[in-house]
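What follows is the content of my_file.pdb, which has PDB, C-alpha atoms:
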ATOM      1  CA  MET A   1       0.000   0.000   0.000
ATOM      2  CA  LEU A   2       2.908   2.344   0.688
ATOM      3  CA  GLY A   3       3.907   1.951  -2.944
ATOM      4  CA  ALA A   4       0.448   2.839  -4.156
ATOM      5  CA  ASP A   5      -0.658   5.976  -5.952
ATOM      6  CA  PRO A   6      -0.073   8.921  -3.559
ATOM      7  CA  GLN A   7      -3.675  10.019  -4.124
ATOM      8  CA  VAL A   8      -4.973   6.605  -3.051
ATOM      9  CA  LEU A   9      -2.718   6.708   0.009
ATOM     10  CA  LEU A  10      -3.934  10.200   0.928
ATOM     11  CA  LEU A  11      -7.576   9.148   0.563
ATOM     12  CA  ARG A  12      -7.028   6.189   2.858
ATOM     13  CA  VAL A  13      -5.230   8.302   5.477
ATOM     14  CA  LEU A  14      -8.074  10.840   5.507
ATOM     15  CA  ALA A  15     -10.641   8.045   5.718
ATOM     16  CA  ILE A  16      -8.814   6.447   8.649
ATOM     17  CA  LEU A  17      -8.742   9.761  10.513
ATOM     18  CA  VAL A  18     -12.505  10.162  10.080
ATOM     19  CA  ALA A  19     -13.399   6.561  10.997
ATOM     20  CA  VAL A  20     -11.096   6.339  14.013
ATOM     21  CA  THR A  21     -12.265   9.685  15.379
ATOM     22  CA  VAL A  22     -15.943   8.775  15.017
ATOM     23  CA  HIS A  23     -15.376   5.368  16.629
ATOM     24  CA  GLU A  24     -13.445   6.506  19.689
ATOM     25  CA  PHE A  25     -15.459   9.675  20.250
ATOM     26  CA  ALA A  26     -18.583   7.490  20.359
ATOM     27  CA  HIS A  27     -17.032   5.293  23.063
ATOM     28  CA  ALA A  28     -16.066   8.373  25.085
ATOM     29  CA  TRP A  29     -19.435  10.052  24.596
ATOM     30  CA  ALA A  30     -21.372   6.952  25.667
ATOM     31  CA  ALA A  31     -19.268   6.531  28.814
ATOM     32  CA  ASP A  32     -19.629  10.220  29.631
ATOM     33  CA  ARG A  33     -23.408  10.059  29.201
ATOM     34  CA  LEU A  34     -23.524   7.064  31.552
ATOM     35  CA  GLY A  35     -21.757   9.066  34.261
ATOM     36  CA  ASP A  36     -18.093   8.137  33.838
ATOM     37  CA  PRO A  37     -15.873  11.259  33.774
ATOM     38  CA  THR A  38     -12.732   9.288  32.856
ATOM     39  CA  PRO A  39     -12.799   9.829  29.056
ATOM     40  CA  ARG A  40     -13.379  13.566  29.522
ATOM     41  CA  LEU A  41     -10.539  13.801  32.061
ATOM     42  CA  ARG A  42      -8.231  11.869  29.697
ATOM     43  CA  GLY A  43      -9.032  14.243  26.831
ATOM     44  CA  ARG A  44     -10.848  11.595  24.786
ATOM     45  CA  LEU A  45     -14.200  13.374  24.552
ATOM     46  CA  SER A  46     -12.817  15.105  21.496
ATOM     47  CA  LEU A  47     -13.150  15.151  17.716
ATOM     48  CA  ASN A  48      -9.397  15.725  17.391
ATOM     49  CA  PRO A  49      -8.134  12.563  15.622
ATOM     50  CA  VAL A  50      -4.638  12.874  17.117
ATOM     51  CA  VAL A  51      -5.827  11.900  20.617
ATOM     52  CA  HIS A  52      -7.429   8.703  19.298
ATOM     53  CA  LEU A  53      -4.738   7.255  17.022
ATOM     54  CA  ASP A  54      -2.938   4.019  17.876
ATOM     55  CA  LEU A  55       0.265   3.627  15.867
ATOM     56  CA  MET A  56       0.048  -0.125  15.220
ATOM     57  CA  GLY A  57      -3.714  -0.156  14.641
ATOM     58  CA  SER A  58      -3.525   2.792  12.251
ATOM     59  CA  LEU A  59      -0.652   1.221  10.288
ATOM     60  CA  LEU A  60      -2.640  -2.006   9.937
ATOM     61  CA  LEU A  61      -5.650  -0.049   8.669
ATOM     62  CA  LEU A  62      -3.386   1.673   6.172
ATOM     63  CA  LEU A  63      -1.465  -1.415   5.031
ATOM     64  CA  ALA A  64      -3.806  -4.357   5.567
ATOM     65  CA  GLY A  65      -7.266  -2.766   5.511
ATOM     66  CA  PHE A  66      -8.202  -3.561   9.130
ATOM     67  CA  GLY A  67      -7.053  -2.241  12.492
ATOM     68  CA  TRP A  68      -7.983  -0.354  15.621
ATOM     69  CA  ALA A  69      -7.554   2.920  17.517
ATOM     70  CA  LYS A  70      -6.260   3.777  20.992
ATOM     71  CA  PRO A  71      -8.741   2.289  23.503
ATOM     72  CA  VAL A  72     -10.818   4.760  25.511
ATOM     73  CA  GLU A  73     -10.217   4.238  29.208
ATOM     74  CA  VAL A  74     -13.456   3.865  31.174
ATOM     75  CA  ASN A  75     -14.319   3.065  34.782
ATOM     76  CA  PRO A  76     -17.455   0.888  34.944
ATOM     77  CA  ARG A  77     -17.887   1.616  38.666
ATOM     78  CA  TYR A  78     -19.454   4.928  37.628
ATOM     79  CA  PHE A  79     -22.179   3.165  35.635
ATOM     80  CA  PRO A  80     -25.558   2.458  37.296
ATOM     81  CA  ASN A  81     -25.262  -1.079  35.870
ATOM     82  CA  PRO A  82     -21.574  -1.836  35.138
ATOM     83  CA  ARG A  83     -22.137  -4.831  32.840
ATOM     84  CA  ARG A  84     -24.858  -3.113  30.829
ATOM     85  CA  GLY A  85     -22.819   0.089  30.762
ATOM     86  CA  MET A  86     -19.754  -1.643  29.342
ATOM     87  CA  LEU A  87     -21.919  -3.288  26.677
ATOM     88  CA  VAL A  88     -23.373   0.086  25.657
ATOM     89  CA  VAL A  89     -19.970   1.780  25.585
ATOM     90  CA  ALA A  90     -18.442  -1.076  23.558
ATOM     91  CA  ALA A  91     -21.305  -1.097  21.056
ATOM     92  CA  ALA A  92     -21.212   2.688  20.612
ATOM     93  CA  GLY A  93     -18.001   2.636  18.539
ATOM     94  CA  PRO A  94     -19.039   0.147  15.827
ATOM     95  CA  LEU A  95     -22.563   1.607  15.727
ATOM     96  CA  ALA A  96     -21.125   5.079  15.153
ATOM     97  CA  ASN A  97     -19.078   3.744  12.233
ATOM     98  CA  VAL A  98     -22.136   2.042  10.736
ATOM     99  CA  ALA A  99     -24.178   5.240  11.151
ATOM    100  CA  THR A 100     -21.401   7.248   9.475
ATOM    101  CA  ALA A 101     -21.265   4.794   6.567
ATOM    102  CA  PHE A 102     -25.037   5.060   6.053
ATOM    103  CA  LEU A 103     -25.067   8.854   6.383
ATOM    104  CA  LEU A 104     -22.309   9.235   3.798
ATOM    105  CA  GLY A 105     -23.948   6.524   1.689
ATOM    106  CA  LEU A 106     -27.065   8.688   1.548
ATOM    107  CA  VAL A 107     -24.937  11.544   0.205
ATOM    108  CA  TYR A 108     -23.651   9.144  -2.462
ATOM    109  CA  GLN A 109     -27.155   7.855  -3.315
ATOM    110  CA  LEU A 110     -28.523  11.386  -3.682
ATOM    111  CA  GLY A 111     -25.846  12.118  -6.272
ATOM    112  CA  LEU A 112     -24.357  14.982  -4.276
ATOM    113  CA  VAL A 113     -20.888  13.849  -5.340
ATOM    114  CA  GLU A 114     -19.807  12.622  -8.752
ATOM    115  CA  PRO A 115     -18.485   9.022  -8.865
ATOM    116  CA  GLY A 116     -14.918   8.863 -10.134
ATOM    117  CA  THR A 117     -14.047  12.371  -8.959
ATOM    118  CA  LEU A 118     -11.746  13.055  -6.002
ATOM    119  CA  PRO A 119     -14.668  13.896  -3.640
ATOM    120  CA  GLY A 120     -16.525  10.783  -4.809
ATOM    121  CA  SER A 121     -13.491   8.571  -4.258
ATOM    122  CA  LEU A 122     -12.911  10.088  -0.816
ATOM    123  CA  LEU A 123     -16.545   9.485   0.128
ATOM    124  CA  LEU A 124     -16.415   5.833  -0.925
ATOM    125  CA  THR A 125     -13.111   5.315   0.895
ATOM    126  CA  VAL A 126     -14.489   6.830   4.112
ATOM    127  CA  ILE A 127     -17.572   4.584   3.840
ATOM    128  CA  LEU A 128     -15.352   1.533   3.280
ATOM    129  CA  ILE A 129     -13.000   2.235   6.196
ATOM    130  CA  ASN A 130     -15.937   2.880   8.525
ATOM    131  CA  ALA A 131     -17.425  -0.465   7.482
ATOM    132  CA  VAL A 132     -14.101  -2.251   8.029
ATOM    133  CA  LEU A 133     -13.589  -0.677  11.458
ATOM    134  CA  ALA A 134     -17.133  -1.586  12.539
ATOM    135  CA  ILE A 135     -17.018  -5.211  11.385
ATOM    136  CA  PHE A 136     -13.464  -5.868  12.599
ATOM    137  CA  ASN A 137     -14.213  -4.486  16.055
ATOM    138  CA  LEU A 138     -17.318  -6.668  16.354
ATOM    139  CA  LEU A 139     -15.172  -9.819  16.334
ATOM    140  CA  PRO A 140     -15.550 -11.401  19.813
ATOM    141  CA  VAL A 141     -11.812 -11.412  20.448
ATOM    142  CA  PRO A 142     -10.378  -9.381  23.358
ATOM    143  CA  PRO A 143      -9.600  -6.525  23.431
ATOM    144  CA  LEU A 144     -11.964  -5.745  20.525
ATOM    145  CA  ASP A 145     -15.417  -4.291  21.189
ATOM    146  CA  GLY A 146     -17.115  -7.534  20.214
ATOM    147  CA  SER A 147     -15.639  -9.290  23.244
ATOM    148  CA  LYS A 148     -17.130  -6.707  25.611
ATOM    149  CA  ILE A 149     -20.485  -6.884  23.849
ATOM    150  CA  LEU A 150     -20.520 -10.686  24.121
ATOM    151  CA  SER A 151     -19.501 -10.516  27.788
ATOM    152  CA  GLY A 152     -22.389  -8.142  28.481
ATOM    153  CA  LEU A 153     -24.870 -10.461  26.746
ATOM    154  CA  LEU A 154     -23.768 -13.668  28.492
ATOM    155  CA  PRO A 155     -25.213 -14.717  31.857
ATOM    156  CA  ALA A 156     -23.022 -13.453  34.720
ATOM    157  CA  ALA A 157     -21.328 -16.796  35.468
ATOM    158  CA  GLN A 158     -20.482 -17.473  31.819
ATOM    159  CA  ALA A 159     -19.335 -13.875  31.389
ATOM    160  CA  ARG A 160     -16.841 -14.255  34.240
ATOM    161  CA  SER A 161     -15.419 -17.407  32.638
ATOM    162  CA  TYR A 162     -15.235 -15.689  29.258
ATOM    163  CA  ASP A 163     -13.561 -12.606  30.749
ATOM    164  CA  ARG A 164     -10.799 -14.794  32.193
ATOM    165  CA  LEU A 165      -9.810 -15.598  28.620
ATOM    166  CA  ALA A 166      -9.180 -11.901  27.926
ATOM    167  CA  GLN A 167      -5.487 -12.256  28.779
ATOM    168  CA  TYR A 168      -5.082 -14.513  25.740
ATOM    169  CA  GLY A 169      -7.055 -12.231  23.443
ATOM    170  CA  PRO A 170      -4.142 -10.202  22.027
ATOM    171  CA  LEU A 171      -2.274 -13.428  21.172
ATOM    172  CA  LEU A 172      -5.338 -14.836  19.436
ATOM    173  CA  LEU A 173      -5.822 -11.587  17.554
ATOM    174  CA  LEU A 174      -2.184 -11.609  16.465
ATOM    175  CA  ALA A 175      -2.548 -15.225  15.329
ATOM    176  CA  LEU A 176      -5.622 -14.320  13.254
ATOM    177  CA  ILE A 177      -3.731 -11.443  11.637
ATOM    178  CA  LEU A 178      -0.667 -13.574  10.885
ATOM    179  CA  LEU A 179      -2.514 -16.648   9.592
ATOM    180  CA  PRO A 180      -1.529 -17.442   6.004
ATOM    181  CA  GLY A 181      -3.911 -16.760   3.171
ATOM    182  CA  ARG A 182      -5.123 -13.482   4.715
ATOM    183  CA  PHE A 183      -7.659 -15.436   6.766
ATOM    184  CA  ILE A 184      -8.892 -12.380   8.634
ATOM    185  CA  GLY A 185      -9.296 -10.473   5.365
ATOM    186  CA  LEU A 186     -11.469 -13.284   4.006
ATOM    187  CA  LEU A 187     -13.427 -13.319   7.275
ATOM    188  CA  LEU A 188     -14.231  -9.626   6.955
ATOM    189  CA  ASP A 189     -14.706  -9.459   3.190
ATOM    190  CA  LEU A 190     -18.363 -10.467   2.779
ATOM    191  CA  PRO A 191     -19.846  -8.514   5.720
ATOM    192  CA  VAL A 192     -17.852  -5.407   4.781
ATOM    193  CA  ARG A 193     -18.891  -5.607   1.124
ATOM    194  CA  TRP A 194     -22.509  -6.164   2.174
ATOM    195  CA  LEU A 195     -22.480  -3.188   4.533
ATOM    196  CA  VAL A 196     -20.920  -0.887   1.931
ATOM    197  CA  GLY A 197     -23.351  -2.131  -0.726
ATOM    198  CA  VAL A 198     -26.369  -1.430   1.462
ATOM    199  CA  ALA A 199     -24.998   1.974   2.494
ATOM    200  CA  ILE A 200     -24.527   3.183  -1.086
ATOM    201  CA  GLY A 201     -27.729   1.614  -2.354
ATOM    202  CA  ALA A 202     -26.060  -1.033  -4.498
ATOM    203  CA  GLY A 203     -28.680  -3.575  -3.421
ATOM    204  CA  GLY A 204     -26.175  -6.230  -2.364
ATOM    205  CA  LEU A 205     -22.459  -6.851  -2.201
ATOM    206  CA  TRP A 206     -20.360  -3.891  -3.283
TER
END

Go ahead and render the structure in this file as structure tokens.
Amino acid sequence: MLGADPQVLLLRVLAILVAVTVHEFAHAWAADRLGDPTPRLRGRLSLNPVVHLDLMGSLLLLLAGFGWAKPVEVNPRYFPNPRRGMLVVAAAGPLANVATAFLLGLVYQLGLVEPGTLPGSLLLTVILINAVLAIFNLLPVPPLDGSKILSGLLPAAQARSYDRLAQYGPLLLLALILLPGRFIGLLLDLPVRWLVGVAIGAGGLW
């Protein structure tokens, strides 16, 4: 990807900045609304992309097409219901990316940008990266959002057992990324293409 057309590289960088900012701001906003001041105190209740970027996650988004941002620190003890609160905060990031993809998809469907032009290409790239970030983070592998969502949905006893596996999550995630044949790319391909297709009104896979 680093050897790609500079315009393509620039479009992807801009798209990553938008998607990452939307995702992490949504986490911070949800936690703040539920009574946790931690994200605000850490400077994460912000639309400044710099405070949300994770170097490795951003590089993977740029080079491999999937990745993550710097996690928003939250303290569930502030939530009226800690388990439910963590589920809501975790879900807020991917949902914000999906909402962004659909909002920008509406702009595309209404013909407010011309396909094939620089603005049109930027719009499609932002939609794509938002879809990738949403779907990737919904994988139930710690520390991704999907693991926290699953933990919040499981009965308490099963959730505690599942949470004990969190220490192995980063190793499992690394193994998925390093598996030959771009296994994780194949895993994400269909849901991402479906989400983009629905967002832009293509009526199916993009």

Exercise for the section: Go ahead and compute the interatomic distance for CA of Ser121 in chain A and CA of Ile16 in chain A, in Å to one decimal. Expected result: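 So the two atoms, CA of Ser121 in chain A and CA of Ile16 in chain A, lie 13.9 Å apart.
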
Practice task
Measuring atom to atom with all atoms listed in the file, identify which of A:Pro119, A:Arg84, A:Gly43, A:Val198 is nearest to Pro155 in chain A.
Solution key: A:Arg84

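With only C-alpha atoms as the atoms that count, the minimum distance from Leu123 in chain A to the choices A:Leu61, A:Ala157, A:Val196, A:Val50 is reached by A:Val196.
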
For Leu195 in chain A, work out the shell of residues within 12 Å, counting all atoms listed in the file and skipping chain neighbours fewer than 2 positions away, then give it as a PDB file with C-alpha atoms, in the frame of the given file.
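Now in around-v4.pdb:
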ATOM      1  CA  ASN A  97     -19.078   3.744  12.233  1.00  0.00           C
ATOM      2  CA  VAL A  98     -22.136   2.042  10.736  1.00  0.00           C
ATOM      3  CA  ALA A  99     -24.178   5.240  11.151  1.00  0.00           C
ATOM      4  CA  THR A 100     -21.401   7.248   9.475  1.00  0.00           C
ATOM      5  CA  ALA A 101     -21.265   4.794   6.567  1.00  0.00           C
ATOM      6  CA  PHE A 102     -25.037   5.060   6.053  1.00  0.00           C
ATOM      7  CA  GLY A 105     -23.948   6.524   1.689  1.00  0.00           C
ATOM      8  CA  ILE A 127     -17.572   4.584   3.840  1.00  0.00           C
ATOM      9  CA  LEU A 128     -15.352   1.533   3.280  1.00  0.00           C
ATOM     10  CA  ILE A 129     -13.000   2.235   6.196  1.00  0.00           C
ATOM     11  CA  ASN A 130     -15.937   2.880   8.525  1.00  0.00           C
ATOM     12  CA  ALA A 131     -17.425  -0.465   7.482  1.00  0.00           C
ATOM     13  CA  VAL A 132     -14.101  -2.251   8.029  1.00  0.00           C
ATOM     14  CA  LEU A 133     -13.589  -0.677  11.458  1.00  0.00           C
ATOM     15  CA  ALA A 134     -17.133  -1.586  12.539  1.00  0.00           C
ATOM     16  CA  ILE A 135     -17.018  -5.211  11.385  1.00  0.00           C
ATOM     17  CA  LEU A 188     -14.231  -9.626   6.955  1.00  0.00           C
ATOM     18  CA  ASP A 189     -14.706  -9.459   3.190  1.00  0.00           C
ATOM     19  CA  LEU A 190     -18.363 -10.467   2.779  1.00  0.00           C
ATOM     20  CA  PRO A 191     -19.846  -8.514   5.720  1.00  0.00           C
ATOM     21  CA  VAL A 192     -17.852  -5.407   4.781  1.00  0.00           C
ATOM     22  CA  ARG A 193     -18.891  -5.607   1.124  1.00  0.00           C
ATOM     23  CA  GLY A 197     -23.351  -2.131  -0.726  1.00  0.00           C
ATOM     24  CA  VAL A 198     -26.369  -1.430   1.462  1.00  0.00           C
ATOM     25  CA  ALA A 199     -24.998   1.974   2.494  1.00  0.00           C
ATOM     26  CA  ILE A 200     -24.527   3.183  -1.086  1.00  0.00           C
ATOM     27  CA  GLY A 201     -27.729   1.614  -2.354  1.00  0.00           C
ATOM     28  CA  ALA A 202     -26.060  -1.033  -4.498  1.00  0.00           C
ATOM     29  CA  GLY A 203     -28.680  -3.575  -3.421  1.00  0.00           C
ATOM     30  CA  GLY A 204     -26.175  -6.230  -2.364  1.00  0.00           C
ATOM     31  CA  LEU A 205     -22.459  -6.851  -2.201  1.00  0.00           C
ATOM     32  CA  TRP A 206     -20.360  -3.891  -3.283  1.00  0.00           C
TER      33      TRP A 206
END

Handout entry: For Gly93 in chain A, the nearest of the candidates A:Leu165, A:Val74, A:Leu110, A:Val20, counting only C-alpha atoms
Key = A:Val20

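For the choices A:Pro76, A:Leu14, A:Leu118, A:Gly57, the atom-to-atom distance to Pro39 in chain A is smallest for A:Pro76 when using all atoms listed in the file.
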
Exercise for the section: Compile the contact shell of Trp29 in chain A as a list in words: residues with an atom at most 9 Å away, counting all atoms listed in the file, same-chain residues fewer than 3 positions apart removed. Expected result: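 Residues meeting the cut-off are Glu24, Phe25, Ala26, Asp32, Arg33, Leu34, Pro39, Arg40, Arg44, Leu45, Ser46, Val89 and Ala92 of chain A.
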
Handout entry: Near-Ala15 in chain A list (8 Å; all atoms listed in the file; drop same-chain fewer than 3 positions) as a PyMOL selection string
Key = chain A and resi 11-12+18-19+122+125-127+129-130

Handout entry: Residues within 10 Å of (-10.2, -6.7, 27.3), counting only C-alpha atoms, listed as a list in words
Key =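 Checked against the point, the hits come out as Pro71, Val141, Pro142, Pro143, Leu144, Asp145, Gly146, Ser147, Lys148, Asp163, Arg164, Leu165, Ala166, Gln167, Tyr168, Gly169 and Pro170 of chain A.
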
Just to be explicit: take each residue in the selection above, keep C-alpha atoms, and write the result as an mmCIF file, in the coordinates of the input.
data_model
loop_
_atom_site.group_PDB
_atom_site.id
_atom_site.type_symbol
_atom_site.label_atom_id
_atom_site.label_comp_id
_atom_site.auth_asym_id
_atom_site.auth_seq_id
_atom_site.Cartn_x
_atom_site.Cartn_y
_atom_site.Cartn_z
ATOM 1 C CA PRO A 71 -8.741 2.289 23.503
ATOM 2 C CA VAL A 141 -11.812 -11.412 20.448
ATOM 3 C CA PRO A 142 -10.378 -9.381 23.358
ATOM 4 C CA PRO A 143 -9.600 -6.525 23.431
ATOM 5 C CA LEU A 144 -11.964 -5.745 20.525
ATOM 6 C CA ASP A 145 -15.417 -4.291 21.189
ATOM 7 C CA GLY A 146 -17.115 -7.534 20.214
ATOM 8 C CA SER A 147 -15.639 -9.290 23.244
ATOM 9 C CA LYS A 148 -17.130 -6.707 25.611
ATOM 10 C CA ASP A 163 -13.561 -12.606 30.749
ATOM 11 C CA ARG A 164 -10.799 -14.794 32.193
ATOM 12 C CA LEU A 165 -9.810 -15.598 28.620
ATOM 13 C CA ALA A 166 -9.180 -11.901 27.926
ATOM 14 C CA GLN A 167 -5.487 -12.256 28.779
ATOM 15 C CA TYR A 168 -5.082 -14.513 25.740
ATOM 16 C CA GLY A 169 -7.055 -12.231 23.443
ATOM 17 C CA PRO A 170 -4.142 -10.202 22.027
#

Exercise for the section: Could you check how far CA of Gln109 in chain A sits from CA of Leu95 in chain A, in Å to one decimal? Expected result: 20.6 Å
